[in-house]
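Below is one structure, written out as structure tokens; the observations come after it.
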Amino acid sequence: MNLLSFLSFLILAITLLTMVFGVIAYFLYKAREKKKGAAKITYDEALELEERELLFFTKE
Amino acid sequence: MVGFIKKVIFLLTMAGGLYLTYYSVENLQNIFIETSNIFIRFGVILIFIFTMLIITRYLLLMFFSILQVVKRSADEDFRTSKKDIVSIIVPCYNEQDVIVHSLKSIIAQTYPNIEILVVDDGSSDRTYELAKTFTFDNGHRSLQVLSKPNGGKSRALNFAIKRAKGNLICCVDADSKLDKFAVELLVQHFKDPQIAAVAGSVSVVNTDTFLTKLQSLEYIQGLNMVKNGQSYLKLVNIIPGPLGMFRKEAMQEVGGYSHDTFAEDCDLTLSLIAKGYKIDFEPDAIAHTEAPENLLDLLKQRYRWTRGILQAIKKNKQYLWNPRTKPSISFVMWYMLFESVFWPFMQIWGDLFMIYLALSTGTSQLLLFWWIMFTVLDVAGAIYCLLITKEKLSLAAYSTIYRLAFITVINIAKIFATIEEWFNIEMSWGKLERKGRIG
């Protein structure tokens, strides 16, 4: 394998890995925001969201 | 002598970039001739068009930027009228870690007639108390702290604009620290009555990690090549949040900041350009700001920027198709669409196409040359920007990683943001956590 082929393979592999990493990073960001948003909701907001008079919580 | 050597390095890199472009295009031509696969032929044509557009963008921006630098150095009239009252507005929401440093830098401004209006947008921390300790009024200068229920940045800015006495409005983010000449330098541009706004320069203060170094390089390039080039045409497309100055009259004419997009600064700038005003850039008026230190925060920032810009474009879409009656705004909007949508899509599509090409035909060298070509152009651009800003030349070395990994990850986030904006998926403003590094 000559140097040019090796470098081509290297760039190809890095490009592929970066793209996979970019997609994973994006979904990690979305998951984090979803978690943050869910944690910050107030009881009144939850009521409004569910369109109910009362909300019941179950103990795990 | 050192300066001369740096200029020679820049010219050699630029020449190398152009040679590689020629080589890559020749490679594309060979693939096009040798293959009978319609998909590959179509892909090659697209890659060719994309490459030509990018090269043209680089060359034009650099050409206009050089012209602007020459024009600025030839302009000997630096005297500014210091009669105008400048109202400096600082909207803040939970900024207790940074507000003190920010206000100290504003009070230290060399411009004499300033009215500082701090708007506490319903903070739940000690922002209001801390800002209140700075309150003063000595006739020429004053600092007042206004308070209102939380309603978002654009409402906080409009709230203060209504109460501002100055005919020039300077908007500053609470997490930014200004250089002491910043306001004085921005004011001088308003001698031209056609100028409605002037963008300040932004510098990253926390350049101690690899990620923030890459962002610092990105800011230096974005400001000194892109904004400097745009300022030659007096068509700067976004007044950055950390520092910008506006003519109050023009601002009121377009109704101030709007509340219906996530990029209120971009929307306001577009409205001003649509009204026929000119927008300038002052590279020496610097606001130092914190860049996100982890990747997820960075993605959050870019996601928000992309969707905000797309919302502003969508809101003003009638100007896209009016190049004859409104050439300036039409040109600016097409340029923004190119940068925020077309470029990310084409870069990722180009990478995917070349991976497909490598796997199906075994010609992986094209991807290597394509990457080297863009990297060499990035390095040339970085060297040019670092030369005019007198920043460390060693930052240019980061251009290799910038092209190989950084911009791909950012572009993927931009593509997802574009798709989500297309499908109107709900988004919230959020707030980036500040570490208080501007001190």
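Following the order of the structure tokens, chains are lettered A, B, ..., residues in each are numbered from 1, and ligands are numbered from 1.
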
Per-residue nearest contacts chain A to chain B, cut-off 9 Å, using only C-alpha atoms, as CSV:
```
residue,atom,partner,partner_atom,distance
A:Leu4,CA,B:Gln365,CA,7.3
A:Ser5,CA,B:Gln365,CA,7.0
A:Leu7,CA,B:Leu368,CA,7.1
A:Ser8,CA,B:Leu368,CA,5.1
A:Phe9,CA,B:Ser364,CA,6.9
A:Leu10,CA,B:Leu368,CA,8.7
A:Ile11,CA,B:Leu368,CA,6.2
A:Leu12,CA,B:Ile355,CA,6.7
A:Ile14,CA,B:Leu404,CA,7.6
A:Thr15,CA,B:Leu404,CA,7.0
A:Leu16,CA,B:Ile355,CA,7.9
A:Thr18,CA,B:Ala405,CA,5.8
A:Met19,CA,B:Val409,CA,6.7
A:Phe21,CA,B:Val409,CA,7.4
A:Gly22,CA,B:Val409,CA,4.4
A:Val23,CA,B:Ile412,CA,6.6
A:Ala25,CA,B:Leu296,CA,7.0
A:Tyr26,CA,B:Ala413,CA,6.0
A:Leu28,CA,B:Leu296,CA,7.5
A:Tyr29,CA,B:Leu296,CA,5.3
A:Lys30,CA,B:Lys300,CA,8.6
A:Arg32,CA,B:Leu296,CA,8.5
A:Glu33,CA,B:Lys300,CA,8.8
```

Could you find all residues in stretch 154-316 of chain B that DSSP calls alpha helix (DSSP H) from the backbone, and write them as a PDB file with N, CA and C atoms, in the first residue's frame?
```pdb
ATOM      1  N   SER B 154     -35.878  39.654  23.257  1.00  0.00           N
ATOM      2  CA  SER B 154     -36.357  40.697  22.354  1.00  0.00           C
ATOM      3  C   SER B 154     -37.301  41.675  23.069  1.00  0.00           C
ATOM      4  N   ARG B 155     -38.152  41.144  23.961  1.00  0.00           N
ATOM      5  CA  ARG B 155     -39.072  42.015  24.717  1.00  0.00           C
ATOM      6  C   ARG B 155     -38.294  42.890  25.693  1.00  0.00           C
ATOM      7  N   ALA B 156     -37.260  42.313  26.308  1.00  0.00           N
ATOM      8  CA  ALA B 156     -36.435  43.086  27.248  1.00  0.00           C
ATOM      9  C   ALA B 156     -35.736  44.230  26.505  1.00  0.00           C
ATOM     10  N   LEU B 157     -35.254  43.958  25.299  1.00  0.00           N
ATOM     11  CA  LEU B 157     -34.573  44.996  24.508  1.00  0.00           C
ATOM     12  C   LEU B 157     -35.562  46.106  24.119  1.00  0.00           C
ATOM     13  N   ASN B 158     -36.730  45.712  23.634  1.00  0.00           N
ATOM     14  CA  ASN B 158     -37.739  46.718  23.244  1.00  0.00           C
ATOM     15  C   ASN B 158     -38.190  47.557  24.437  1.00  0.00           C
ATOM     16  N   PHE B 159     -38.287  46.916  25.596  1.00  0.00           N
ATOM     17  CA  PHE B 159     -38.686  47.584  26.844  1.00  0.00           C
ATOM     18  C   PHE B 159     -37.701  48.733  27.140  1.00  0.00           C
ATOM     19  N   ALA B 160     -36.422  48.455  26.969  1.00  0.00           N
ATOM     20  CA  ALA B 160     -35.401  49.472  27.248  1.00  0.00           C
ATOM     21  C   ALA B 160     -35.315  50.510  26.123  1.00  0.00           C
ATOM     22  N   ILE B 161     -35.495  50.086  24.881  1.00  0.00           N
ATOM     23  CA  ILE B 161     -35.415  51.023  23.739  1.00  0.00           C
ATOM     24  C   ILE B 161     -36.465  52.126  23.918  1.00  0.00           C
ATOM     25  N   LYS B 162     -37.669  51.751  24.376  1.00  0.00           N
ATOM     26  CA  LYS B 162     -38.749  52.730  24.594  1.00  0.00           C
ATOM     27  C   LYS B 162     -38.329  53.789  25.603  1.00  0.00           C
ATOM     28  N   ARG B 163     -37.524  53.395  26.580  1.00  0.00           N
ATOM     29  CA  ARG B 163     -37.123  54.308  27.652  1.00  0.00           C
ATOM     30  C   ARG B 163     -35.784  54.983  27.383  1.00  0.00           C
ATOM     31  N   ALA B 182     -14.653  50.419  22.364  1.00  0.00           N
ATOM     32  CA  ALA B 182     -15.684  49.815  21.509  1.00  0.00           C
ATOM     33  C   ALA B 182     -16.786  50.792  21.091  1.00  0.00           C
ATOM     34  N   VAL B 183     -17.386  51.475  22.059  1.00  0.00           N
ATOM     35  CA  VAL B 183     -18.516  52.363  21.736  1.00  0.00           C
ATOM     36  C   VAL B 183     -18.039  53.524  20.861  1.00  0.00           C
ATOM     37  N   GLU B 184     -16.906  54.103  21.201  1.00  0.00           N
ATOM     38  CA  GLU B 184     -16.363  55.237  20.436  1.00  0.00           C
ATOM     39  C   GLU B 184     -16.116  54.834  18.970  1.00  0.00           C
ATOM     40  N   LEU B 185     -15.594  53.642  18.775  1.00  0.00           N
ATOM     41  CA  LEU B 185     -15.319  53.171  17.410  1.00  0.00           C
ATOM     42  C   LEU B 185     -16.609  52.915  16.622  1.00  0.00           C
ATOM     43  N   LEU B 186     -17.611  52.413  17.304  1.00  0.00           N
ATOM     44  CA  LEU B 186     -18.884  52.130  16.609  1.00  0.00           C
ATOM     45  C   LEU B 186     -19.582  53.431  16.204  1.00  0.00           C
ATOM     46  N   VAL B 187     -19.518  54.440  17.091  1.00  0.00           N
ATOM     47  CA  VAL B 187     -20.229  55.706  16.838  1.00  0.00           C
ATOM     48  C   VAL B 187     -19.760  56.367  15.538  1.00  0.00           C
ATOM     49  N   PHE B 210      -9.527  22.499  23.397  1.00  0.00           N
ATOM     50  CA  PHE B 210      -9.432  22.250  21.959  1.00  0.00           C
ATOM     51  C   PHE B 210     -10.681  22.768  21.226  1.00  0.00           C
ATOM     52  N   LEU B 211     -11.851  22.495  21.824  1.00  0.00           N
ATOM     53  CA  LEU B 211     -13.109  22.893  21.196  1.00  0.00           C
ATOM     54  C   LEU B 211     -13.243  24.417  21.117  1.00  0.00           C
ATOM     55  N   THR B 212     -12.844  25.118  22.174  1.00  0.00           N
ATOM     56  CA  THR B 212     -12.983  26.584  22.154  1.00  0.00           C
ATOM     57  C   THR B 212     -11.926  27.220  21.238  1.00  0.00           C
ATOM     58  N   LYS B 213     -10.772  26.541  21.082  1.00  0.00           N
ATOM     59  CA  LYS B 213      -9.756  27.051  20.141  1.00  0.00           C
ATOM     60  C   LYS B 213     -10.314  26.993  18.715  1.00  0.00           C
ATOM     61  N   LEU B 214     -11.008  25.894  18.403  1.00  0.00           N
ATOM     62  CA  LEU B 214     -11.613  25.762  17.066  1.00  0.00           C
ATOM     63  C   LEU B 214     -12.677  26.832  16.847  1.00  0.00           C
ATOM     64  N   GLN B 215     -13.452  27.112  17.901  1.00  0.00           N
ATOM     65  CA  GLN B 215     -14.490  28.153  17.778  1.00  0.00           C
ATOM     66  C   GLN B 215     -13.851  29.527  17.638  1.00  0.00           C
ATOM     67  N   SER B 216     -12.736  29.725  18.341  1.00  0.00           N
ATOM     68  CA  SER B 216     -12.037  31.008  18.243  1.00  0.00           C
ATOM     69  C   SER B 216     -11.583  31.246  16.801  1.00  0.00           C
ATOM     70  N   LEU B 217     -11.013  30.180  16.194  1.00  0.00           N
ATOM     71  CA  LEU B 217     -10.576  30.273  14.803  1.00  0.00           C
ATOM     72  C   LEU B 217     -11.771  30.561  13.881  1.00  0.00           C
ATOM     73  N   GLU B 218     -12.882  29.892  14.169  1.00  0.00           N
ATOM     74  CA  GLU B 218     -14.100  30.086  13.380  1.00  0.00           C
ATOM     75  C   GLU B 218     -14.590  31.544  13.473  1.00  0.00           C
ATOM     76  N   TYR B 219     -14.568  32.109  14.685  1.00  0.00           N
ATOM     77  CA  TYR B 219     -14.991  33.499  14.884  1.00  0.00           C
ATOM     78  C   TYR B 219     -14.053  34.451  14.140  1.00  0.00           C
ATOM     79  N   ILE B 220     -12.735  34.201  14.260  1.00  0.00           N
ATOM     80  CA  ILE B 220     -11.754  35.088  13.616  1.00  0.00           C
ATOM     81  C   ILE B 220     -11.976  35.086  12.104  1.00  0.00           C
ATOM     82  N   GLN B 221     -12.202  33.893  11.548  1.00  0.00           N
ATOM     83  CA  GLN B 221     -12.437  33.801  10.099  1.00  0.00           C
ATOM     84  C   GLN B 221     -13.774  34.422   9.708  1.00  0.00           C
ATOM     85  N   ASN B 228     -16.027  41.313   7.252  1.00  0.00           N
ATOM     86  CA  ASN B 228     -15.218  42.376   6.643  1.00  0.00           C
ATOM     87  C   ASN B 228     -15.538  42.502   5.152  1.00  0.00           C
ATOM     88  N   GLY B 229     -15.690  41.351   4.495  1.00  0.00           N
ATOM     89  CA  GLY B 229     -16.031  41.351   3.065  1.00  0.00           C
ATOM     90  C   GLY B 229     -17.412  41.949   2.846  1.00  0.00           C
ATOM     91  N   GLN B 230     -18.361  41.555   3.705  1.00  0.00           N
ATOM     92  CA  GLN B 230     -19.736  42.079   3.579  1.00  0.00           C
ATOM     93  C   GLN B 230     -19.756  43.584   3.846  1.00  0.00           C
ATOM     94  N   SER B 231     -18.887  44.049   4.745  1.00  0.00           N
ATOM     95  CA  SER B 231     -18.923  45.470   5.109  1.00  0.00           C
ATOM     96  C   SER B 231     -18.408  46.354   3.965  1.00  0.00           C
ATOM     97  N   TYR B 232     -17.674  45.761   3.024  1.00  0.00           N
ATOM     98  CA  TYR B 232     -17.260  46.553   1.853  1.00  0.00           C
ATOM     99  C   TYR B 232     -18.500  46.957   1.053  1.00  0.00           C
ATOM    100  N   LYS B 248     -31.533  54.759  16.428  1.00  0.00           N
ATOM    101  CA  LYS B 248     -32.838  54.523  17.070  1.00  0.00           C
ATOM    102  C   LYS B 248     -34.001  54.753  16.097  1.00  0.00           C
ATOM    103  N   GLU B 249     -33.856  55.828  15.305  1.00  0.00           N
ATOM    104  CA  GLU B 249     -34.912  56.190  14.359  1.00  0.00           C
ATOM    105  C   GLU B 249     -35.203  55.032  13.383  1.00  0.00           C
ATOM    106  N   ALA B 250     -34.115  54.453  12.869  1.00  0.00           N
ATOM    107  CA  ALA B 250     -34.259  53.348  11.909  1.00  0.00           C
ATOM    108  C   ALA B 250     -34.875  52.125  12.585  1.00  0.00           C
ATOM    109  N   MET B 251     -34.429  51.895  13.811  1.00  0.00           N
ATOM    110  CA  MET B 251     -34.943  50.757  14.588  1.00  0.00           C
ATOM    111  C   MET B 251     -36.448  50.893  14.797  1.00  0.00           C
ATOM    112  N   GLN B 252     -36.879  52.103  15.149  1.00  0.00           N
ATOM    113  CA  GLN B 252     -38.308  52.338  15.380  1.00  0.00           C
ATOM    114  C   GLN B 252     -39.108  52.219  14.091  1.00  0.00           C
ATOM    115  N   GLU B 253     -38.472  52.627  12.990  1.00  0.00           N
ATOM    116  CA  GLU B 253     -39.143  52.557  11.687  1.00  0.00           C
ATOM    117  C   GLU B 253     -39.530  51.114  11.324  1.00  0.00           C
ATOM    118  N   GLU B 264     -33.644  37.139  16.705  1.00  0.00           N
ATOM    119  CA  GLU B 264     -34.200  38.492  16.612  1.00  0.00           C
ATOM    120  C   GLU B 264     -33.190  39.480  16.019  1.00  0.00           C
ATOM    121  N   ASP B 265     -31.877  39.236  16.264  1.00  0.00           N
ATOM    122  CA  ASP B 265     -30.862  40.138  15.709  1.00  0.00           C
ATOM    123  C   ASP B 265     -30.788  40.030  14.181  1.00  0.00           C
ATOM    124  N   CYS B 266     -30.902  38.794  13.686  1.00  0.00           N
ATOM    125  CA  CYS B 266     -30.883  38.560  12.234  1.00  0.00           C
ATOM    126  C   CYS B 266     -32.135  39.156  11.590  1.00  0.00           C
ATOM    127  N   ASP B 267     -33.281  38.952  12.227  1.00  0.00           N
ATOM    128  CA  ASP B 267     -34.548  39.453  11.700  1.00  0.00           C
ATOM    129  C   ASP B 267     -34.536  40.982  11.617  1.00  0.00           C
ATOM    130  N   LEU B 268     -34.014  41.619  12.673  1.00  0.00           N
ATOM    131  CA  LEU B 268     -33.952  43.089  12.684  1.00  0.00           C
ATOM    132  C   LEU B 268     -33.018  43.595  11.568  1.00  0.00           C
ATOM    133  N   THR B 269     -31.877  42.934  11.431  1.00  0.00           N
ATOM    134  CA  THR B 269     -30.922  43.350  10.393  1.00  0.00           C
ATOM    135  C   THR B 269     -31.546  43.227   9.002  1.00  0.00           C
ATOM    136  N   LEU B 270     -32.258  42.118   8.769  1.00  0.00           N
ATOM    137  CA  LEU B 270     -32.907  41.927   7.467  1.00  0.00           C
ATOM    138  C   LEU B 270     -33.953  43.014   7.217  1.00  0.00           C
ATOM    139  N   SER B 271     -34.719  43.356   8.261  1.00  0.00           N
ATOM    140  CA  SER B 271     -35.747  44.404   8.109  1.00  0.00           C
ATOM    141  C   SER B 271     -35.096  45.739   7.748  1.00  0.00           C
ATOM    142  N   LEU B 272     -33.963  46.039   8.358  1.00  0.00           N
ATOM    143  CA  LEU B 272     -33.268  47.304   8.065  1.00  0.00           C
ATOM    144  C   LEU B 272     -32.743  47.324   6.631  1.00  0.00           C
ATOM    145  N   ILE B 273     -32.173  46.203   6.197  1.00  0.00           N
ATOM    146  CA  ILE B 273     -31.658  46.134   4.818  1.00  0.00           C
ATOM    147  C   ILE B 273     -32.824  46.272   3.836  1.00  0.00           C
ATOM    148  N   ALA B 274     -33.954  45.622   4.175  1.00  0.00           N
ATOM    149  CA  ALA B 274     -35.137  45.692   3.295  1.00  0.00           C
ATOM    150  C   ALA B 274     -35.634  47.127   3.154  1.00  0.00           C
ATOM    151  N   LEU B 295     -19.339  19.859  23.740  1.00  0.00           N
ATOM    152  CA  LEU B 295     -19.916  19.682  22.410  1.00  0.00           C
ATOM    153  C   LEU B 295     -21.439  19.829  22.391  1.00  0.00           C
ATOM    154  N   LEU B 296     -22.125  19.300  23.415  1.00  0.00           N
ATOM    155  CA  LEU B 296     -23.588  19.350  23.391  1.00  0.00           C
ATOM    156  C   LEU B 296     -24.095  20.789  23.517  1.00  0.00           C
ATOM    157  N   ASP B 297     -23.397  21.615  24.305  1.00  0.00           N
ATOM    158  CA  ASP B 297     -23.774  23.031  24.410  1.00  0.00           C
ATOM    159  C   ASP B 297     -23.539  23.745  23.081  1.00  0.00           C
ATOM    160  N   LEU B 298     -22.443  23.367  22.427  1.00  0.00           N
ATOM    161  CA  LEU B 298     -22.139  23.967  21.126  1.00  0.00           C
ATOM    162  C   LEU B 298     -23.220  23.604  20.099  1.00  0.00           C
ATOM    163  N   LEU B 299     -23.636  22.320  20.112  1.00  0.00           N
ATOM    164  CA  LEU B 299     -24.686  21.888  19.186  1.00  0.00           C
ATOM    165  C   LEU B 299     -25.992  22.618  19.465  1.00  0.00           C
ATOM    166  N   LYS B 300     -26.269  22.856  20.763  1.00  0.00           N
ATOM    167  CA  LYS B 300     -27.474  23.576  21.147  1.00  0.00           C
ATOM    168  C   LYS B 300     -27.444  24.994  20.580  1.00  0.00           C
ATOM    169  N   GLN B 301     -26.286  25.640  20.684  1.00  0.00           N
ATOM    170  CA  GLN B 301     -26.131  27.012  20.159  1.00  0.00           C
ATOM    171  C   GLN B 301     -26.336  27.041  18.649  1.00  0.00           C
ATOM    172  N   ARG B 302     -25.695  26.089  17.940  1.00  0.00           N
ATOM    173  CA  ARG B 302     -25.777  26.098  16.474  1.00  0.00           C
ATOM    174  C   ARG B 302     -27.171  25.713  15.985  1.00  0.00           C
ATOM    175  N   TYR B 303     -27.802  24.791  16.689  1.00  0.00           N
ATOM    176  CA  TYR B 303     -29.171  24.377  16.358  1.00  0.00           C
ATOM    177  C   TYR B 303     -30.089  25.598  16.433  1.00  0.00           C
ATOM    178  N   ARG B 304     -29.944  26.360  17.528  1.00  0.00           N
ATOM    179  CA  ARG B 304     -30.780  27.541  17.763  1.00  0.00           C
ATOM    180  C   ARG B 304     -30.515  28.608  16.709  1.00  0.00           C
ATOM    181  N   TRP B 305     -29.232  28.816  16.390  1.00  0.00           N
ATOM    182  CA  TRP B 305     -28.869  29.814  15.371  1.00  0.00           C
ATOM    183  C   TRP B 305     -29.483  29.440  14.025  1.00  0.00           C
ATOM    184  N   THR B 306     -29.314  28.161  13.651  1.00  0.00           N
ATOM    185  CA  THR B 306     -29.804  27.724  12.332  1.00  0.00           C
ATOM    186  C   THR B 306     -31.310  27.901  12.229  1.00  0.00           C
ATOM    187  N   ARG B 307     -32.034  27.426  13.271  1.00  0.00           N
ATOM    188  CA  ARG B 307     -33.494  27.555  13.195  1.00  0.00           C
ATOM    189  C   ARG B 307     -33.925  29.016  13.225  1.00  0.00           C
ATOM    190  N   GLY B 308     -33.219  29.821  14.006  1.00  0.00           N
ATOM    191  CA  GLY B 308     -33.535  31.249  14.079  1.00  0.00           C
ATOM    192  C   GLY B 308     -33.342  31.931  12.730  1.00  0.00           C
ATOM    193  N   ILE B 309     -32.229  31.636  12.082  1.00  0.00           N
ATOM    194  CA  ILE B 309     -31.939  32.237  10.769  1.00  0.00           C
ATOM    195  C   ILE B 309     -32.989  31.796   9.747  1.00  0.00           C
ATOM    196  N   LEU B 310     -33.330  30.495   9.787  1.00  0.00           N
ATOM    197  CA  LEU B 310     -34.341  29.994   8.848  1.00  0.00           C
ATOM    198  C   LEU B 310     -35.699  30.635   9.094  1.00  0.00           C
ATOM    199  N   GLN B 311     -36.023  30.867  10.371  1.00  0.00           N
ATOM    200  CA  GLN B 311     -37.300  31.537  10.687  1.00  0.00           C
ATOM    201  C   GLN B 311     -37.294  32.968  10.144  1.00  0.00           C
ATOM    202  N   ALA B 312     -36.145  33.652  10.282  1.00  0.00           N
ATOM    203  CA  ALA B 312     -36.047  35.032   9.774  1.00  0.00           C
ATOM    204  C   ALA B 312     -36.164  35.045   8.246  1.00  0.00           C
ATOM    205  N   ILE B 313     -35.534  34.038   7.597  1.00  0.00           N
ATOM    206  CA  ILE B 313     -35.614  33.955   6.130  1.00  0.00           C
ATOM    207  C   ILE B 313     -37.058  33.684   5.706  1.00  0.00           C
ATOM    208  N   LYS B 314     -37.691  32.741   6.428  1.00  0.00           N
ATOM    209  CA  LYS B 314     -39.075  32.375   6.112  1.00  0.00           C
ATOM    210  C   LYS B 314     -39.998  33.590   6.253  1.00  0.00           C
ATOM    211  N   LYS B 315     -39.740  34.363   7.306  1.00  0.00           N
ATOM    212  CA  LYS B 315     -40.583  35.531   7.578  1.00  0.00           C
ATOM    213  C   LYS B 315     -40.442  36.587   6.471  1.00  0.00           C
TER     214      LYS B 315
END
```

### Message
Just want the 12 Å neighbourhood of stretch 327-331 of chain B, counted on only C-alpha atoms, with same-chain residues fewer than 4 positions away dropped. Output as a ChimeraX atom specification.
### Response
/B:230,233-237,267,269-279,313,316-323,335-338

### Task
Using DSSP on the backbone coordinates, identify all residues within stretch 137-322 of chain B classified as strand (DSSP E); present the result as a VMD selection string.
chain B and resid 137 142 to 148 168 to 172 176 to 178 195 to 204 243 to 247 278 to 289

Would you mind exporting N, CA and C atoms of the selected residues as a short mmCIF file (atom, residue, chain, number, x, y, z; two decimals), in the first residue's frame?
```
data_model
loop_
_atom_site.label_atom_id
_atom_site.label_comp_id
_atom_site.auth_asym_id
_atom_site.auth_seq_id
_atom_site.Cartn_x
_atom_site.Cartn_y
_atom_site.Cartn_z
N ASP B 137 -25.57 58.41 38.42
CA ASP B 137 -25.98 59.44 37.45
C ASP B 137 -25.16 60.68 37.71
N SER B 142 -24.97 57.79 33.04
CA SER B 142 -25.84 57.22 34.09
C SER B 142 -25.98 55.72 33.90
N LEU B 143 -26.34 55.04 34.96
CA LEU B 143 -26.64 53.61 34.87
C LEU B 143 -27.92 53.34 35.67
N GLN B 144 -28.90 52.81 35.00
CA GLN B 144 -30.17 52.47 35.65
C GLN B 144 -30.44 50.98 35.49
N VAL B 145 -31.07 50.40 36.50
CA VAL B 145 -31.45 48.99 36.36
C VAL B 145 -32.97 48.92 36.30
N LEU B 146 -33.46 48.39 35.21
CA LEU B 146 -34.91 48.24 35.03
C LEU B 146 -35.26 46.78 35.28
N SER B 147 -36.47 46.56 35.73
CA SER B 147 -36.87 45.18 35.99
C SER B 147 -38.23 44.90 35.37
N LYS B 148 -38.39 43.74 34.84
CA LYS B 148 -39.67 43.35 34.23
C LYS B 148 -39.87 41.83 34.38
N LEU B 168 -28.63 56.87 19.51
CA LEU B 168 -27.93 55.65 19.09
C LEU B 168 -28.12 54.61 20.19
N ILE B 169 -28.45 53.40 19.77
CA ILE B 169 -28.72 52.32 20.74
C ILE B 169 -27.64 51.26 20.59
N CYS B 170 -26.97 50.96 21.68
CA CYS B 170 -25.93 49.92 21.63
C CYS B 170 -26.43 48.72 22.44
N CYS B 171 -26.59 47.59 21.78
CA CYS B 171 -27.08 46.39 22.47
C CYS B 171 -25.91 45.48 22.81
N VAL B 172 -25.82 45.11 24.08
CA VAL B 172 -24.69 44.31 24.55
C VAL B 172 -25.22 43.11 25.34
N SER B 176 -20.90 39.47 27.92
CA SER B 176 -19.79 39.98 27.11
C SER B 176 -19.06 41.09 27.84
N LYS B 177 -17.78 41.18 27.57
CA LYS B 177 -16.96 42.23 28.17
C LYS B 177 -16.41 43.08 27.02
N LEU B 178 -16.65 44.39 27.07
CA LEU B 178 -16.25 45.24 25.94
C LEU B 178 -14.85 45.81 26.10
N ILE B 195 -26.30 54.69 7.19
CA ILE B 195 -25.95 53.56 8.06
C ILE B 195 -26.98 53.45 9.19
N ALA B 196 -27.61 52.27 9.28
CA ALA B 196 -28.62 52.06 10.33
C ALA B 196 -28.07 51.25 11.48
N ALA B 197 -27.03 50.46 11.20
CA ALA B 197 -26.49 49.61 12.27
C ALA B 197 -25.03 49.27 11.98
N VAL B 198 -24.29 49.03 13.05
CA VAL B 198 -22.89 48.62 12.90
C VAL B 198 -22.65 47.41 13.80
N ALA B 199 -22.08 46.36 13.22
CA ALA B 199 -21.79 45.15 13.99
C ALA B 199 -20.43 45.29 14.65
N GLY B 200 -20.34 44.85 15.89
CA GLY B 200 -19.05 44.82 16.55
C GLY B 200 -18.38 43.48 16.31
N SER B 201 -17.12 43.38 16.73
CA SER B 201 -16.37 42.15 16.56
C SER B 201 -16.49 41.30 17.83
N VAL B 202 -16.42 40.00 17.68
CA VAL B 202 -16.56 39.12 18.85
C VAL B 202 -15.30 38.27 18.99
N SER B 203 -14.78 38.23 20.20
CA SER B 203 -13.58 37.42 20.42
C SER B 203 -13.87 36.40 21.53
N VAL B 204 -13.38 35.18 21.33
CA VAL B 204 -13.61 34.12 22.33
C VAL B 204 -12.58 34.28 23.45
N LEU B 243 -22.39 42.49 20.65
CA LEU B 243 -22.16 43.92 20.46
C LEU B 243 -22.66 44.41 19.10
N GLY B 244 -23.54 45.40 19.15
CA GLY B 244 -24.03 46.02 17.92
C GLY B 244 -24.63 47.37 18.26
N MET B 245 -24.52 48.31 17.32
CA MET B 245 -25.09 49.64 17.56
C MET B 245 -26.10 49.96 16.46
N PHE B 246 -27.19 50.61 16.86
CA PHE B 246 -28.27 50.91 15.91
C PHE B 246 -28.65 52.38 15.99
N ARG B 247 -29.13 52.92 14.86
CA ARG B 247 -29.74 54.25 14.86
C ARG B 247 -31.18 54.06 15.35
N LYS B 278 -28.02 50.81 5.18
CA LYS B 278 -26.74 50.11 5.06
C LYS B 278 -26.31 49.61 6.44
N ILE B 279 -25.63 48.47 6.44
CA ILE B 279 -25.17 47.89 7.71
C ILE B 279 -23.66 47.71 7.62
N ASP B 280 -22.94 48.24 8.59
CA ASP B 280 -21.47 48.20 8.55
C ASP B 280 -20.90 47.30 9.64
N PHE B 281 -19.58 47.16 9.63
CA PHE B 281 -18.87 46.32 10.61
C PHE B 281 -17.64 47.05 11.10
N GLU B 282 -17.40 47.01 12.41
CA GLU B 282 -16.20 47.66 12.96
C GLU B 282 -15.33 46.57 13.62
N PRO B 283 -14.23 46.18 12.97
CA PRO B 283 -13.45 45.05 13.50
C PRO B 283 -12.71 45.36 14.81
N ASP B 284 -12.45 46.65 15.07
CA ASP B 284 -11.69 46.97 16.29
C ASP B 284 -12.56 47.20 17.52
N ALA B 285 -13.88 47.23 17.34
CA ALA B 285 -14.78 47.34 18.50
C ALA B 285 -15.07 45.91 18.94
N ILE B 286 -14.38 45.49 19.99
CA ILE B 286 -14.41 44.05 20.34
C ILE B 286 -15.20 43.76 21.62
N ALA B 287 -16.02 42.71 21.54
CA ALA B 287 -16.70 42.19 22.73
C ALA B 287 -16.12 40.80 22.99
N HIS B 288 -15.64 40.60 24.21
CA HIS B 288 -15.07 39.29 24.57
C HIS B 288 -16.18 38.45 25.18
N THR B 289 -16.33 37.25 24.68
CA THR B 289 -17.43 36.41 25.16
C THR B 289 -16.98 34.97 25.36
#
```

### Message
From the options B:Tyr93, B:Phe342, B:Phe262, B:Phe136, which residue's atoms come nearest to B:Ala174, counting only C-alpha atoms?
### Response
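Ranking B:Tyr93, B:Phe342, B:Phe262, B:Phe136 by distance to B:Ala174, first place goes to B:Tyr93.
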
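Between atom CA of B:Pro242 and atom CA of B:Ile415 the separation is 25.6 Å.
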
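Computed from the coordinates, the atom CA of B:Phe345 to atom CA of B:Trp422 distance equals 14.0 Å.
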